[in-house]
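Q: Please find one structure pasted underneath; my questions will follow.
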Amino acid sequence: FFLQMAISNIRYGEGVTKEIGMDLQNLGARRVCVMTDKNLSKLPPVNAVLNSLAKYGINFQMYDNVHVEPTDQSFMDAIQFAKKGEFDAYVAVGGGSVMDTCKAANLYAASPSSEFLDYVNAPIGKGKPVTVPLKPLIAVPTTSGTGSETTGVAVFDFKELKVKTGIASRAIKPTLGIIDPLHTLSMPERIVANSGFDVLCHALESYTALPYNKRSPCPSNPIERPAYQGSNPVSDVWALHALRVVAKYLKRAIRDSEDREARANMHLASAFAGIGFGNAGVHLCHGMSYPISGLVKTYKPKDYNVDHSLVPHGLSVVLTSPAVFAFTAQIHPERHLEAAEILGADIRTARIKDAGLILADTLRKFLFDLNVDDGLAAIGYSKADIPALVKGTLPQERVTKLSPRAQTEEDLSALFEASMKLY
């Protein structure tokens with residue numbers, strides 16, 4: 001079993017966005033596609049990018065129609081725009097939704113004869129390897145959550161099946177991630193919280209995922225090696241570091257929008273966790289989050305300026321975390337205990353067999369302190385929805401198979417039930 005490490009180039013610093021026009025000039029870009037969403041198009045991060053493009057005379061077209069929590073339809077709309085524009089470079093300015101949409105647009109514009117499902121993960125799509133050359137993509141994250149600027153993953157809601165799925169290939173990862181902490185200053189409180197929960201779960205899940213040398217089968221050709229390989233010695237370093245940063249700075253970043261140190265550190269932690277999970281993968285919190293987002297009925301989160309119901313991705317992931325880690329801990333209890341300690345648990349007298357309960361309690365306290373909705377019931381689900389939630393988790397094999405502990409449908413039902421109320 002071998003391990004492969006793939007990550008985007010990353011550039012960091014306050015105000016570093018101003019270099020983006022020069023980057024595009026250096027790439028010899030003649031027609032650039034700038035992607036963002038309607039809310040961001042009026043905010044300072046997009047302004048900073050456009051100023052730099054203007055300063056260096058870069059010819060661009062703007063697409064600001066990205067859907068927050070994208071769907072197959074919204075991906076296709078962006079893909080049409082990209083095909084028509086015949087661009088030679090892309091710039092994505094936004095959170096995970098924008099970066100993922102831009103990755104998909106770049107991929108399908110470079111492979112115009114492909115059907116949409118060709119590259120979508122199996123078993124929903126065909127999961128074909130990407131062999132076409134893509135155009136350069138510069139990602140400018142404006143949230144501190146998905147780490148999408150470092151990964152070859154693009155996630156969307158597949159409307160017809162009411163389930164989230166995605167495209168995963170090293171070929172779609174951005175050429176360069178521009179990590180400019182100034183962009184996090186325009187984030188409202190709940191967006192800081194929910195995107196921070198995504199970082200938390202990326203770190204915890206990749207650290208506790210099935211080890212890379214236990215994953216089977218070993219691919220017969222390197223092009224078949226999945227982006228998500230299981231926990232491994234390289235990803236562990238990034239995941240643990242990201243967890244420490246979350247423990248130290250997330251609460252501060254949420255509570256005080258002027259706390260530049262905390263916001264800058266969370267912005268970096270998002271990329272660190274991205275490097276970790278982008279190579280190790282995530283498991284049950286993410287696998288179960290996809291139907292939680294996909295089956296949303298009426299929930300509209302505070303601080304999100306959207307006209308449709310949605311469960312923010314980080315929230316859909318973190319609500320199952322106490323139940324999930326209580327379940328997976330019997331496999332690597334020492335890793336679960338170490339994570340609990342980093343998040344503030346006193347483990348001096350702890351017994352190793354209680355690792356899962358200790359981590360679950362630590363997470364509950366963490367969420368309670370940050371007034372997170374009290375479980376799935378608080379965002380509109382009831383026990384009657386559990387069969388549909390389980391059904392929506394089953395196709396997520398790319399991630400559920402990375403759980404250190406295999407799970408049956410009954411196990412999944414019990415995990416959803418245990419996540420209905422947290423406190």
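Letters A, B, ... go to the chains of the structure tokens in the order shown; residues in each chain start at 1; ligands are counted from 1 in the same order.
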Out of segment 117-220 of chain A, which residues get alpha helix (DSSP H) from DSSP, as a PyMOL selection string?
A: chain A and resi 189-208
Q: Could you save those same residues with C-alpha atoms as a PDB file, in the first residue's frame?
A:
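So the final result, stored in part07.pdb, reads:
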ATOM      1  CA  GLU A 189     -21.035  35.285  13.240  1.00  0.00           C
ATOM      2  CA  ARG A 190     -23.005  32.155  12.284  1.00  0.00           C
ATOM      3  CA  ILE A 191     -21.028  31.705   9.080  1.00  0.00           C
ATOM      4  CA  VAL A 192     -17.820  31.797  11.143  1.00  0.00           C
ATOM      5  CA  ALA A 193     -19.325  29.188  13.480  1.00  0.00           C
ATOM      6  CA  ASN A 194     -20.683  26.809  10.853  1.00  0.00           C
ATOM      7  CA  SER A 195     -17.601  26.976   8.660  1.00  0.00           C
ATOM      8  CA  GLY A 196     -15.450  26.435  11.770  1.00  0.00           C
ATOM      9  CA  PHE A 197     -17.435  23.277  12.579  1.00  0.00           C
ATOM     10  CA  ASP A 198     -16.492  21.961   9.147  1.00  0.00           C
ATOM     11  CA  VAL A 199     -12.796  22.453  10.001  1.00  0.00           C
ATOM     12  CA  LEU A 200     -13.356  20.686  13.326  1.00  0.00           C
ATOM     13  CA  CYS A 201     -14.949  17.657  11.660  1.00  0.00           C
ATOM     14  CA  HIS A 202     -12.430  17.567   8.794  1.00  0.00           C
ATOM     15  CA  ALA A 203      -9.658  17.292  11.384  1.00  0.00           C
ATOM     16  CA  LEU A 204     -11.427  14.770  13.640  1.00  0.00           C
ATOM     17  CA  GLU A 205     -12.667  12.552  10.816  1.00  0.00           C
ATOM     18  CA  SER A 206      -9.404  12.421   8.893  1.00  0.00           C
ATOM     19  CA  TYR A 207      -7.456  11.680  12.098  1.00  0.00           C
ATOM     20  CA  THR A 208      -9.781   8.807  13.041  1.00  0.00           C
TER      21      THR A 208
END
Q: Would you kindly return, as an MDAnalysis selection string, each protein, DNA or RNA residue with an atom no farther than 10 Å from any atom of His183 of chain A, considering only C-alpha atoms and excluding same-chain residues fewer than 3 positions away?
A: chainID A and resid 14:15 17 43:46 48 93:94 140:144 179:180 186:187 263:264 267
Q: Asn371 of chain A: which residues within 12 Å, counting only C-alpha atoms, same-chain residues fewer than 2 positions away excluded, as a list in words?
A: Glu189, Arg190, Ala193, Asn194, Lys251, Ile254, Arg255, Leu315, Arg364, Lys365, Phe366, Leu367, Phe368, Asp369, Asp373, Asp374, Gly375, Ala378, Leu422 and Tyr423 of chain A
Q: Of the candidates A:Lys302, A:Lys421, A:Lys42, A:Arg30, which one gets nearest to Gly57 of chain A if we count only C-alpha atoms?
A: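 Looking only at the distances to Gly57 of chain A, the closest residue turns out to be A:Arg30.
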Q: Segment 150-156 of chain A: which residues within 7 Å, counting only C-alpha atoms, same-chain residues fewer than 4 positions away excluded, as a PyMOL selection string?
A: chain A and resi 7-8+69-72+100-101+103-104+164-174+177+271+274-275+278
Q: Can you measure atom CA of Ala247 of chain A to atom CA of His332 of chain A for me? One decimal in Å is fine.
A: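 Calculated distance between atom CA of Ala247 of chain A and atom CA of His332 of chain A is 21.0 Å.
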Q: DSSP on the backbone: what in segment 99-322 of chain A comes out strand (DSSP E or B), as a list in words?
A: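 Selecting the strand (DSSP E or B) positions of segment 99-322 of chain A gives Leu137, Ile138, Ala139, Val140, Pro141, Val153, Ala154, Val155, Phe156, Asp157, Phe158, Val163, Lys164, Thr165, Gly166, Ile167, Ala168, Leu176, Gly177, Ile178, Ile179, Pro211 and Ser231 of chain A.
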Q: Give me, please, the distance in Å between atom CA of Ala239 of chain A and atom CA of Ala209 of chain A, quoted to one decimal.
A: 11.1 Å
